[in-house]
>>> print(open('protein17.tsv').read())   # TSV, C-alpha atoms
chain	number	residue	atom	x	y	z
A	248	MET	CA	-30.44	347.24	57.61
A	249	VAL	CA	-27.17	347.46	55.68
A	250	LYS	CA	-26.37	345.25	52.69
A	251	LYS	CA	-23.10	345.17	50.76
A	252	LEU	CA	-23.81	345.36	47.02
A	253	ALA	CA	-20.25	345.50	45.70
A	254	GLU	CA	-16.80	346.34	46.98
A	255	GLY	CA	-17.17	349.73	48.64
A	256	LEU	CA	-20.91	350.06	47.91
A	257	PHE	CA	-23.58	349.57	50.59
A	258	CYS	CA	-27.37	349.79	50.60
A	259	ILE	CA	-29.09	351.15	53.73
A	260	ALA	CA	-32.75	350.14	53.82
A	261	GLU	CA	-35.81	351.34	55.69
A	262	GLU	CA	-39.12	349.48	55.55
A	263	GLY	CA	-42.41	351.08	56.53
A	264	SER	CA	-44.12	349.39	59.46
A	265	LYS	CA	-47.57	349.62	57.87
A	266	THR	CA	-46.73	349.03	54.21
A	267	ALA	CA	-44.38	346.95	52.09
A	268	ARG	CA	-42.84	350.14	50.75
A	269	LYS	CA	-39.08	350.33	51.33
A	270	HIS	CA	-36.72	353.29	51.05
A	271	TYR	CA	-33.02	353.17	50.32
A	272	SER	CA	-29.83	355.17	50.70
A	273	TYR	CA	-26.52	354.09	49.22
A	274	PHE	CA	-23.07	354.64	50.70
A	275	LEU	CA	-20.14	354.64	48.28
A	276	ILE	CA	-16.58	354.46	49.59
A	277	HIS	CA	-14.42	356.28	47.06
A	278	PRO	CA	-10.75	357.41	46.96
A	279	GLN	CA	-11.87	360.93	45.99
A	280	GLY	CA	-14.24	361.15	48.95
A	281	ASN	CA	-17.14	359.02	50.15
A	282	LEU	CA	-20.64	359.70	48.86
A	283	LEU	CA	-24.05	359.14	50.43
A	284	PHE	CA	-26.92	358.97	47.95
A	285	HIS	CA	-30.18	360.49	49.26
A	286	PRO	CA	-29.98	359.96	53.06
A	287	LEU	CA	-32.94	358.16	54.62
A	288	LYS	CA	-35.42	360.72	55.89
A	289	ARG	CA	-35.71	359.10	59.32
A	290	THR	CA	-32.67	360.63	60.98
A	291	THR	CA	-32.88	358.32	64.00
A	292	LEU	CA	-32.55	355.32	61.69
A	293	LEU	CA	-29.70	356.87	59.72
A	294	LYS	CA	-27.79	357.58	62.92
A	295	LYS	CA	-27.62	353.84	63.58
A	296	ASP	CA	-25.13	353.63	60.70
A	297	GLU	CA	-22.93	356.46	61.95
A	298	THR	CA	-20.17	353.96	62.75
A	299	LEU	CA	-20.23	352.63	59.17
A	300	PHE	CA	-19.70	356.13	57.82
A	301	ALA	CA	-17.09	357.13	60.41
A	302	ASP	CA	-15.04	353.94	60.14
A	303	HIS	CA	-14.61	354.47	56.41
A	304	GLY	CA	-13.56	358.10	56.53
A	305	GLY	CA	-16.88	359.93	56.77
A	306	ILE	CA	-18.95	361.46	53.96
A	307	LYS	CA	-17.76	364.10	51.49
A	308	LEU	CA	-20.99	364.74	49.58
A	309	GLN	CA	-24.71	363.96	49.76
A	310	VAL	CA	-25.80	363.14	46.21
A	311	LEU	CA	-29.48	363.65	45.31
A	312	THR	CA	-31.34	362.61	42.17
A	313	HIS	CA	-33.87	365.41	42.84
A	314	ASP	CA	-35.06	367.89	45.46
A	315	ALA	CA	-37.65	365.67	47.19
A	316	GLU	CA	-34.87	363.47	48.58
A	317	ALA	CA	-33.74	366.30	50.86
A	318	SER	CA	-34.79	366.32	54.53
A	319	SER	CA	-33.57	367.11	58.02
A	320	SER	CA	-31.34	364.03	57.74
A	321	CYS	CA	-29.21	366.01	55.31
A	322	GLU	CA	-28.67	368.58	58.06
A	323	TRP	CA	-27.46	365.92	60.48
A	324	ILE	CA	-25.05	364.47	57.92
A	325	ASN	CA	-23.70	367.95	57.27
A	326	GLU	CA	-23.29	368.70	60.96
A	327	ARG	CA	-21.61	365.36	61.67
A	328	PHE	CA	-19.39	364.99	58.59
A	329	GLY	CA	-19.40	368.39	56.86
A	330	ALA	CA	-21.02	366.98	53.72
A	331	GLY	CA	-23.10	369.36	51.62
A	332	ILE	CA	-25.65	368.49	48.94
A	333	TYR	CA	-24.84	367.69	45.31
A	334	VAL	CA	-27.87	368.36	43.07
A	335	HIS	CA	-29.04	369.77	39.73
A	336	SER	CA	-29.46	373.55	39.79
A	337	SER	CA	-33.02	373.37	38.41
A	338	ASP	CA	-34.18	371.72	41.63
A	339	LEU	CA	-32.65	374.31	43.97
A	340	PRO	CA	-35.80	376.42	44.55
A	341	LYS	CA	-37.79	373.51	46.00
A	342	LEU	CA	-34.75	372.06	47.77
A	343	ALA	CA	-34.54	375.12	50.02
A	344	ARG	CA	-38.05	374.37	51.35
A	345	LYS	CA	-37.06	370.88	52.50
A	346	THR	CA	-33.72	371.35	54.26
A	347	ARG	CA	-31.32	373.95	55.62
A	348	CYS	CA	-28.36	371.83	54.61
A	349	PRO	CA	-25.95	373.84	52.44
A	350	VAL	CA	-25.49	372.97	48.77
A	351	ALA	CA	-21.91	371.98	48.05
A	352	HIS	CA	-22.33	371.88	44.27
A	353	ALA	CA	-25.16	372.56	41.83
A	354	PHE	CA	-24.69	371.47	38.22
A	355	SER	CA	-26.64	371.98	35.00
A	356	SER	CA	-25.37	369.33	32.59
A	357	GLY	CA	-24.04	365.80	32.40
A	358	HIS	CA	-20.58	365.28	33.85
A	359	GLN	CA	-18.34	362.99	35.89
A	360	VAL	CA	-18.96	363.40	39.62
A	361	VAL	CA	-15.91	361.36	40.63
A	362	GLU	CA	-13.98	358.65	38.82
A	363	ARG	CA	-16.36	355.90	37.62
A	364	LEU	CA	-19.49	357.89	38.51
A	365	ASP	CA	-21.36	359.93	35.90
A	366	ALA	CA	-24.31	362.30	36.36
A	367	ILE	CA	-26.98	361.96	33.64
A	368	PRO	CA	-29.66	364.70	33.78
A	369	MET	CA	-33.05	363.27	32.76
A	370	THR	CA	-35.82	365.86	33.09
A	371	GLY	CA	-39.15	364.19	33.79
A	372	HIS	CA	-39.76	363.33	37.41
A	373	THR	CA	-38.62	366.88	38.17
A	374	LEU	CA	-37.05	369.54	35.98
A	375	GLY	CA	-33.60	368.73	37.33
A	376	PHE	CA	-33.93	365.00	37.91
A	377	THR	CA	-30.57	363.27	37.49
A	378	ALA	CA	-29.66	359.60	37.28
A	379	TYR	CA	-26.15	358.44	38.22
A	380	ARG	CA	-24.19	355.64	36.57
A	381	LEU	CA	-21.55	353.86	38.64
A	382	VAL	CA	-19.08	351.48	37.02
A	383	THR	CA	-17.52	348.86	39.29
A	384	PRO	CA	-15.26	345.94	38.28
A	385	GLY	CA	-18.14	343.46	38.27
A	386	THR	CA	-21.33	345.48	37.78
A	387	THR	CA	-22.54	348.77	36.37
A	388	PHE	CA	-25.23	350.34	38.55
A	389	LEU	CA	-27.77	353.03	37.68
A	390	PHE	CA	-29.24	355.16	40.49
A	391	THR	CA	-32.77	356.08	39.41
A	392	GLY	CA	-34.43	357.61	42.50
A	393	ASP	CA	-38.18	357.10	42.13
A	394	PHE	CA	-38.23	358.10	38.47
A	395	PHE	CA	-37.96	354.39	37.60
A	396	SER	CA	-38.60	351.89	40.37
A	397	PRO	CA	-40.12	348.43	41.02
A	398	VAL	CA	-43.60	347.89	42.43
A	399	ALA	CA	-44.44	344.22	43.00
A	400	ASP	CA	-43.76	342.39	39.73
A	401	ARG	CA	-43.43	345.39	37.41
A	402	TRP	CA	-41.52	348.64	36.99
A	403	VAL	CA	-43.20	352.03	37.13
A	404	ALA	CA	-42.16	355.52	36.10
A	405	ARG	CA	-43.16	358.67	37.93
A	406	VAL	CA	-43.26	361.63	35.58
A	407	PHE	CA	-44.56	365.11	36.41
A	408	LYS	CA	-47.62	365.85	34.28
A	409	LEU	CA	-46.28	369.12	32.87
A	410	LEU	CA	-43.02	367.37	31.91
A	411	MET	CA	-44.65	364.30	30.39
A	412	PRO	CA	-43.32	364.49	26.78
A	413	VAL	CA	-39.69	365.02	27.78
A	414	GLY	CA	-40.07	362.62	30.70
A	415	VAL	CA	-41.26	359.81	28.45
A	416	ALA	CA	-38.46	360.56	26.00
A	417	ASN	CA	-35.86	360.39	28.76
A	418	LEU	CA	-37.38	357.19	30.13
A	419	GLY	CA	-36.98	355.67	26.67
A	420	ALA	CA	-33.41	356.96	26.56
A	421	LEU	CA	-32.55	354.62	29.44
A	422	LYS	CA	-32.48	351.86	26.81
A	423	ASN	CA	-29.35	353.46	25.37
A	424	ILE	CA	-27.50	353.54	28.68
A	425	SER	CA	-25.45	350.47	29.50
A	426	PHE	CA	-26.09	349.14	33.03
A	427	ASP	CA	-26.58	345.82	34.78
A	428	ALA	CA	-28.54	346.73	37.89
A	429	VAL	CA	-30.91	349.46	39.06
A	430	LEU	CA	-30.61	351.21	42.43
A	431	PRO	CA	-33.88	353.09	43.10
A	432	ASN	CA	-34.60	355.08	46.25
A	433	VAL	CA	-37.85	353.18	46.81
A	434	SER	CA	-39.51	349.85	46.00
A	435	LYS	CA	-42.61	347.90	46.92
A	436	GLY	CA	-42.58	344.13	46.87
A	437	PRO	CA	-40.37	341.22	47.91
A	438	GLY	CA	-37.26	342.24	45.97
A	439	ALA	CA	-34.36	344.33	47.25
A	440	PRO	CA	-31.41	346.15	45.67
A	441	ALA	CA	-29.57	345.54	43.58
A	442	PHE	CA	-32.31	344.94	40.98
A	443	VAL	CA	-30.49	343.11	38.20
A	444	LEU	CA	-31.92	343.40	34.67
A	445	SER	CA	-30.68	341.88	31.45
A	446	ALA	CA	-30.80	344.13	28.37
A	447	ALA	CA	-34.03	342.45	27.22
A	448	GLU	CA	-35.61	342.72	30.69
A	449	ARG	CA	-34.61	346.37	30.92
A	450	ASP	CA	-36.20	347.20	27.57
A	451	ARG	CA	-39.42	345.35	28.43
A	452	ALA	CA	-39.63	347.08	31.82
A	453	ILE	CA	-39.14	350.51	30.24
A	454	ASP	CA	-41.67	349.84	27.48
A	455	ASP	CA	-44.20	348.69	30.08
A	456	ALA	CA	-43.59	351.79	32.23
A	457	ILE	CA	-44.10	354.01	29.16
A	458	ALA	CA	-47.29	352.15	28.29
A	459	GLN	CA	-48.62	352.74	31.80
A	460	LEU	CA	-47.91	356.45	31.46
A	461	SER	CA	-49.70	356.53	28.11
A	462	LYS	CA	-52.81	355.01	29.71
A	463	LYS	CA	-52.79	357.72	32.37
A	464	ARG	CA	-52.57	360.42	29.68
A	465	ALA	CA	-55.45	358.94	27.68
>>> encode(input="protein17.tsv", output="structure tokens")
Amino acid sequence: MVKKLAEGLFCIAEEGSKTARKHYSYFLIHPQGNLLFHPLKRTTLLKKDETLFADHGGIKLQVLTHDAEASSSCEWINERFGAGIYVHSSDLPKLARKTRCPVAHAFSSGHQVVERLDAIPMTGHTLGFTAYRLVTPGTTFLFTGDFFSPVADRWVARVFKLLMPVGVANLGALKNISFDAVLPNVSKGPGAPAFVLSAAERDRAIDDAIAQLSKKRA
């Protein structure tokens, strides 16, 4: 299922047949080259949107928030459109175990990917986990992978145990990033992207996610 979120930005959704868990990819049409954020892992499902990609000029890069988003779907995108993977260098060792798709660019610090899109490294879910902030005329979106995502009526954070202190700190740092809506790679519940949060709602959701992590550590 494809949903238009903003001019030039589309959400591609996949819902599990046995659970209410949904997975998402996002397709961004951009003058500097189109981007696909974390391709759905079911290649047969992704192929159904081949016309969407082709009609808008293909795909230049496959942007990942972390290594676990890689799969054989990345290989098909690369074969069909020549798009390599864009990912933090710290996640490269594990990435190679998940796909044979070539890496087009590996980075190590915050930067601008293309105009209006910034990469914000946030160690926690993985060593190289990176959020992306997209500014559009009407809405500022934050791509959060499954580092920060909705489950039913609350938001949860997934932080690797050995990275817990820095992960919690980076989760708290989301309060200092200006955005209107969250674009996770997964959710569970009735809602669907874009998940719009006011500043107060964002802060409460982050505080609650941190509190949940603290309970797990106790």
>>> closest_residue(input="protein17.tsv", among="A:Ile332, A:Leu364, A:Ala317, A:Leu275", to="Leu299 of chain A", atoms="all atoms listed in the file")
A:Leu275
>>> atom_distance(input="protein17.tsv", atom1="atom CA of Ala260 of chain A", atom2="atom CA of Arg380 of chain A")
20.0 Å
>>> closest_residue(input="protein17.tsv", among="A:Glu322, A:Ser355, A:Leu421, A:Phe390", to="Phe284 of chain A", atoms="all atoms listed in the file")
A:Phe390
>>> residues_around(input="protein17.tsv", residues="segment 335-337 of chain A", least_positions_apart="3", cutoff="8 Å", atoms="all atoms listed in the file", output="ChimeraX atom specification")
/A:312-313,340,353-355,368,374-377
>>> atom_distance(input="protein17.tsv", atom1="atom CA of Arg347 of chain A", atom2="atom CA of Ile324 of chain A")
11.6 Å
>>> atom_distance(input="protein17.tsv", atom1="atom CA of Lys269 of chain A", atom2="atom CA of Val403 of chain A")
14.9 Å
>>> residues_around(input="protein17.tsv", residues="segment 438-444 of chain A", least_positions_apart="2", cutoff="12 Å", atoms="all atoms listed in the file", output="ChimeraX atom specification")
/A:248-253,256-262,267-273,386-391,395-402,422,425-436,446-453
>>> closest_residue(input="protein17.tsv", among="A:Val350, A:Val413, A:Leu287, A:Ile306", to="Ser320 of chain A", atoms="all atoms listed in the file")
A:Leu287
>>> closest_residue(input="protein17.tsv", among="A:Val382, A:Thr298, A:Gly255, A:Gly414", to="Glu362 of chain A", atoms="only C-alpha atoms")
A:Val382
>>> closest_residue(input="protein17.tsv", among="A:Thr370, A:Thr346, A:Ala378, A:Lys307", to="His358 of chain A", atoms="all atoms listed in the file")
A:Ala378
>>> axis_aligned_box(input="protein17.tsv", around="segment 296-311 of chain A", padding_each_side="3 Å", output="AutoDock Vina command-line options")
--center_x -21.5 --center_y 358.7 --center_z 54.0 --size_x 21.9 --size_y 18.1 --size_z 23.4
>>> closest_residue(input="protein17.tsv", among="A:Gly371, A:Lys462, A:Ala315, A:Val361", to="Arg344 of chain A", atoms="all atoms listed in the file")
A:Ala315
>>> decode(input="protein17.tsv", residues="segment 347-394 of chain A", atoms="N, CA and C atoms", output="mmCIF file, in the first residue's frame")
data_model
loop_
_atom_site.group_PDB
_atom_site.id
_atom_site.type_symbol
_atom_site.label_atom_id
_atom_site.label_comp_id
_atom_site.auth_asym_id
_atom_site.auth_seq_id
_atom_site.Cartn_x
_atom_site.Cartn_y
_atom_site.Cartn_z
ATOM 1 N N ARG A 347 24.293 -8.455 -0.223
ATOM 2 C CA ARG A 347 25.449 -8.313 -1.112
ATOM 3 C C ARG A 347 25.380 -7.009 -1.888
ATOM 4 N N CYS A 348 24.395 -6.191 -1.571
ATOM 5 C CA CYS A 348 24.263 -4.907 -2.254
ATOM 6 C C CYS A 348 25.469 -4.023 -1.938
ATOM 7 N N PRO A 349 26.057 -3.382 -2.933
ATOM 8 C CA PRO A 349 27.216 -2.528 -2.674
ATOM 9 C C PRO A 349 26.850 -1.286 -1.865
ATOM 10 N N VAL A 350 27.814 -0.800 -1.112
ATOM 11 C CA VAL A 350 27.644 0.430 -0.337
ATOM 12 C C VAL A 350 28.093 1.604 -1.199
ATOM 13 N N ALA A 351 27.195 2.529 -1.433
ATOM 14 C CA ALA A 351 27.523 3.699 -2.245
ATOM 15 C C ALA A 351 28.279 4.742 -1.435
ATOM 16 N N HIS A 352 27.905 4.862 -0.144
ATOM 17 C CA HIS A 352 28.563 5.858 0.703
ATOM 18 C C HIS A 352 28.411 5.470 2.168
ATOM 19 N N ALA A 353 29.529 5.482 2.880
ATOM 20 C CA ALA A 353 29.529 5.248 4.325
ATOM 21 C C ALA A 353 30.059 6.507 4.998
ATOM 22 N N PHE A 354 29.354 6.999 5.983
ATOM 23 C CA PHE A 354 29.728 8.253 6.642
ATOM 24 C C PHE A 354 30.027 7.991 8.111
ATOM 25 N N SER A 355 30.561 8.981 8.792
ATOM 26 C CA SER A 355 30.916 8.800 10.205
ATOM 27 C C SER A 355 30.492 9.967 11.082
ATOM 28 N N SER A 356 29.834 10.955 10.508
ATOM 29 C CA SER A 356 29.418 12.114 11.301
ATOM 30 C C SER A 356 28.182 12.741 10.679
ATOM 31 N N GLY A 357 27.568 13.663 11.404
ATOM 32 C CA GLY A 357 26.390 14.337 10.905
ATOM 33 C C GLY A 357 26.698 15.170 9.678
ATOM 34 N N HIS A 358 25.757 15.245 8.752
ATOM 35 C CA HIS A 358 25.988 15.968 7.514
ATOM 36 C C HIS A 358 24.673 16.118 6.752
ATOM 37 N N GLN A 359 24.716 16.859 5.658
ATOM 38 C CA GLN A 359 23.563 16.979 4.777
ATOM 39 C C GLN A 359 23.669 15.922 3.681
ATOM 40 N N VAL A 360 22.660 15.075 3.579
ATOM 41 C CA VAL A 360 22.656 14.020 2.563
ATOM 42 C C VAL A 360 22.394 14.645 1.193
ATOM 43 N N VAL A 361 21.290 15.358 1.096
ATOM 44 C CA VAL A 361 20.924 16.166 -0.057
ATOM 45 C C VAL A 361 20.247 17.408 0.519
ATOM 46 N N GLU A 362 19.925 18.354 -0.321
ATOM 47 C CA GLU A 362 19.273 19.566 0.158
ATOM 48 C C GLU A 362 17.997 19.218 0.933
ATOM 49 N N ARG A 363 17.855 19.758 2.104
ATOM 50 C CA ARG A 363 16.701 19.619 3.003
ATOM 51 C C ARG A 363 16.703 18.322 3.797
ATOM 52 N N LEU A 364 17.719 17.477 3.630
ATOM 53 C CA LEU A 364 17.774 16.215 4.358
ATOM 54 C C LEU A 364 19.104 16.090 5.098
ATOM 55 N N ASP A 365 19.022 16.009 6.433
ATOM 56 C CA ASP A 365 20.219 15.914 7.264
ATOM 57 C C ASP A 365 20.316 14.557 7.944
ATOM 58 N N ALA A 366 21.535 14.027 8.022
ATOM 59 C CA ALA A 366 21.814 12.795 8.745
ATOM 60 C C ALA A 366 22.261 13.166 10.154
ATOM 61 N N ILE A 367 21.646 12.503 11.169
ATOM 62 C CA ILE A 367 21.936 12.807 12.565
ATOM 63 C C ILE A 367 22.312 11.511 13.278
ATOM 64 N N PRO A 368 23.609 11.173 13.358
ATOM 65 C CA PRO A 368 24.019 9.950 14.041
ATOM 66 C C PRO A 368 23.573 9.969 15.505
ATOM 67 N N MET A 369 23.006 8.836 15.958
ATOM 68 C CA MET A 369 22.472 8.743 17.319
ATOM 69 C C MET A 369 22.738 7.337 17.859
ATOM 70 N N THR A 370 23.980 7.060 18.194
ATOM 71 C CA THR A 370 24.344 5.757 18.740
ATOM 72 C C THR A 370 23.366 5.326 19.830
ATOM 73 N N GLY A 371 22.954 4.071 19.786
ATOM 74 C CA GLY A 371 22.032 3.567 20.803
ATOM 75 C C GLY A 371 21.390 2.272 20.368
ATOM 76 N N HIS A 372 20.586 2.339 19.323
ATOM 77 C CA HIS A 372 19.974 1.113 18.804
ATOM 78 C C HIS A 372 21.073 0.227 18.212
ATOM 79 N N THR A 373 21.977 0.836 17.489
ATOM 80 C CA THR A 373 23.231 0.215 17.053
ATOM 81 C C THR A 373 24.319 1.264 17.226
ATOM 82 N N LEU A 374 25.558 0.864 17.021
ATOM 83 C CA LEU A 374 26.663 1.810 17.166
ATOM 84 C C LEU A 374 26.550 2.934 16.141
ATOM 85 N N GLY A 375 26.095 2.590 14.936
ATOM 86 C CA GLY A 375 26.031 3.593 13.877
ATOM 87 C C GLY A 375 24.634 4.090 13.565
ATOM 88 N N PHE A 376 23.665 3.827 14.446
ATOM 89 C CA PHE A 376 22.301 4.249 14.144
ATOM 90 C C PHE A 376 22.245 5.736 13.799
ATOM 91 N N THR A 377 21.471 6.046 12.747
ATOM 92 C CA THR A 377 21.365 7.421 12.271
ATOM 93 C C THR A 377 19.916 7.771 11.977
ATOM 94 N N ALA A 378 19.460 8.879 12.528
ATOM 95 C CA ALA A 378 18.149 9.422 12.200
ATOM 96 C C ALA A 378 18.336 10.404 11.049
ATOM 97 N N TYR A 379 17.262 10.675 10.311
ATOM 98 C CA TYR A 379 17.324 11.621 9.199
ATOM 99 C C TYR A 379 16.195 12.641 9.344
ATOM 100 N N ARG A 380 16.527 13.896 9.150
ATOM 101 C CA ARG A 380 15.548 14.977 9.299
ATOM 102 C C ARG A 380 15.299 15.617 7.930
ATOM 103 N N LEU A 381 14.038 15.552 7.493
ATOM 104 C CA LEU A 381 13.647 16.068 6.189
ATOM 105 C C LEU A 381 12.740 17.276 6.376
ATOM 106 N N VAL A 382 13.119 18.390 5.782
ATOM 107 C CA VAL A 382 12.328 19.615 5.859
ATOM 108 C C VAL A 382 11.571 19.803 4.550
ATOM 109 N N THR A 383 10.248 19.848 4.637
ATOM 110 C CA THR A 383 9.406 20.118 3.477
ATOM 111 C C THR A 383 8.658 21.425 3.740
ATOM 112 N N PRO A 384 8.045 22.015 2.725
ATOM 113 C CA PRO A 384 7.361 23.303 2.930
ATOM 114 C C PRO A 384 6.318 23.290 4.043
ATOM 115 N N GLY A 385 5.641 22.160 4.257
ATOM 116 C CA GLY A 385 4.589 22.155 5.265
ATOM 117 C C GLY A 385 4.929 21.435 6.545
ATOM 118 N N THR A 386 5.858 20.468 6.472
ATOM 119 C CA THR A 386 6.118 19.591 7.616
ATOM 120 C C THR A 386 7.589 19.203 7.667
ATOM 121 N N THR A 387 8.113 19.087 8.874
ATOM 122 C CA THR A 387 9.456 18.557 9.070
ATOM 123 C C THR A 387 9.326 17.144 9.628
ATOM 124 N N PHE A 388 9.905 16.183 8.907
ATOM 125 C CA PHE A 388 9.790 14.772 9.268
ATOM 126 C C PHE A 388 11.102 14.267 9.868
ATOM 127 N N LEU A 389 10.990 13.315 10.807
ATOM 128 C CA LEU A 389 12.175 12.674 11.357
ATOM 129 C C LEU A 389 12.053 11.165 11.158
ATOM 130 N N PHE A 390 12.988 10.593 10.401
ATOM 131 C CA PHE A 390 13.043 9.147 10.179
ATOM 132 C C PHE A 390 13.779 8.519 11.369
ATOM 133 N N THR A 391 13.108 7.622 12.086
ATOM 134 C CA THR A 391 13.681 7.085 13.319
ATOM 135 C C THR A 391 13.889 5.571 13.322
ATOM 136 N N GLY A 392 13.686 4.895 12.178
ATOM 137 C CA GLY A 392 13.864 3.446 12.159
ATOM 138 C C GLY A 392 13.030 2.797 13.240
ATOM 139 N N ASP A 393 13.611 1.830 13.969
ATOM 140 C CA ASP A 393 12.907 1.268 15.121
ATOM 141 C C ASP A 393 13.605 1.635 16.428
ATOM 142 N N PHE A 394 14.415 2.680 16.380
ATOM 143 C CA PHE A 394 14.998 3.249 17.596
ATOM 144 C C PHE A 394 13.907 3.896 18.432
#
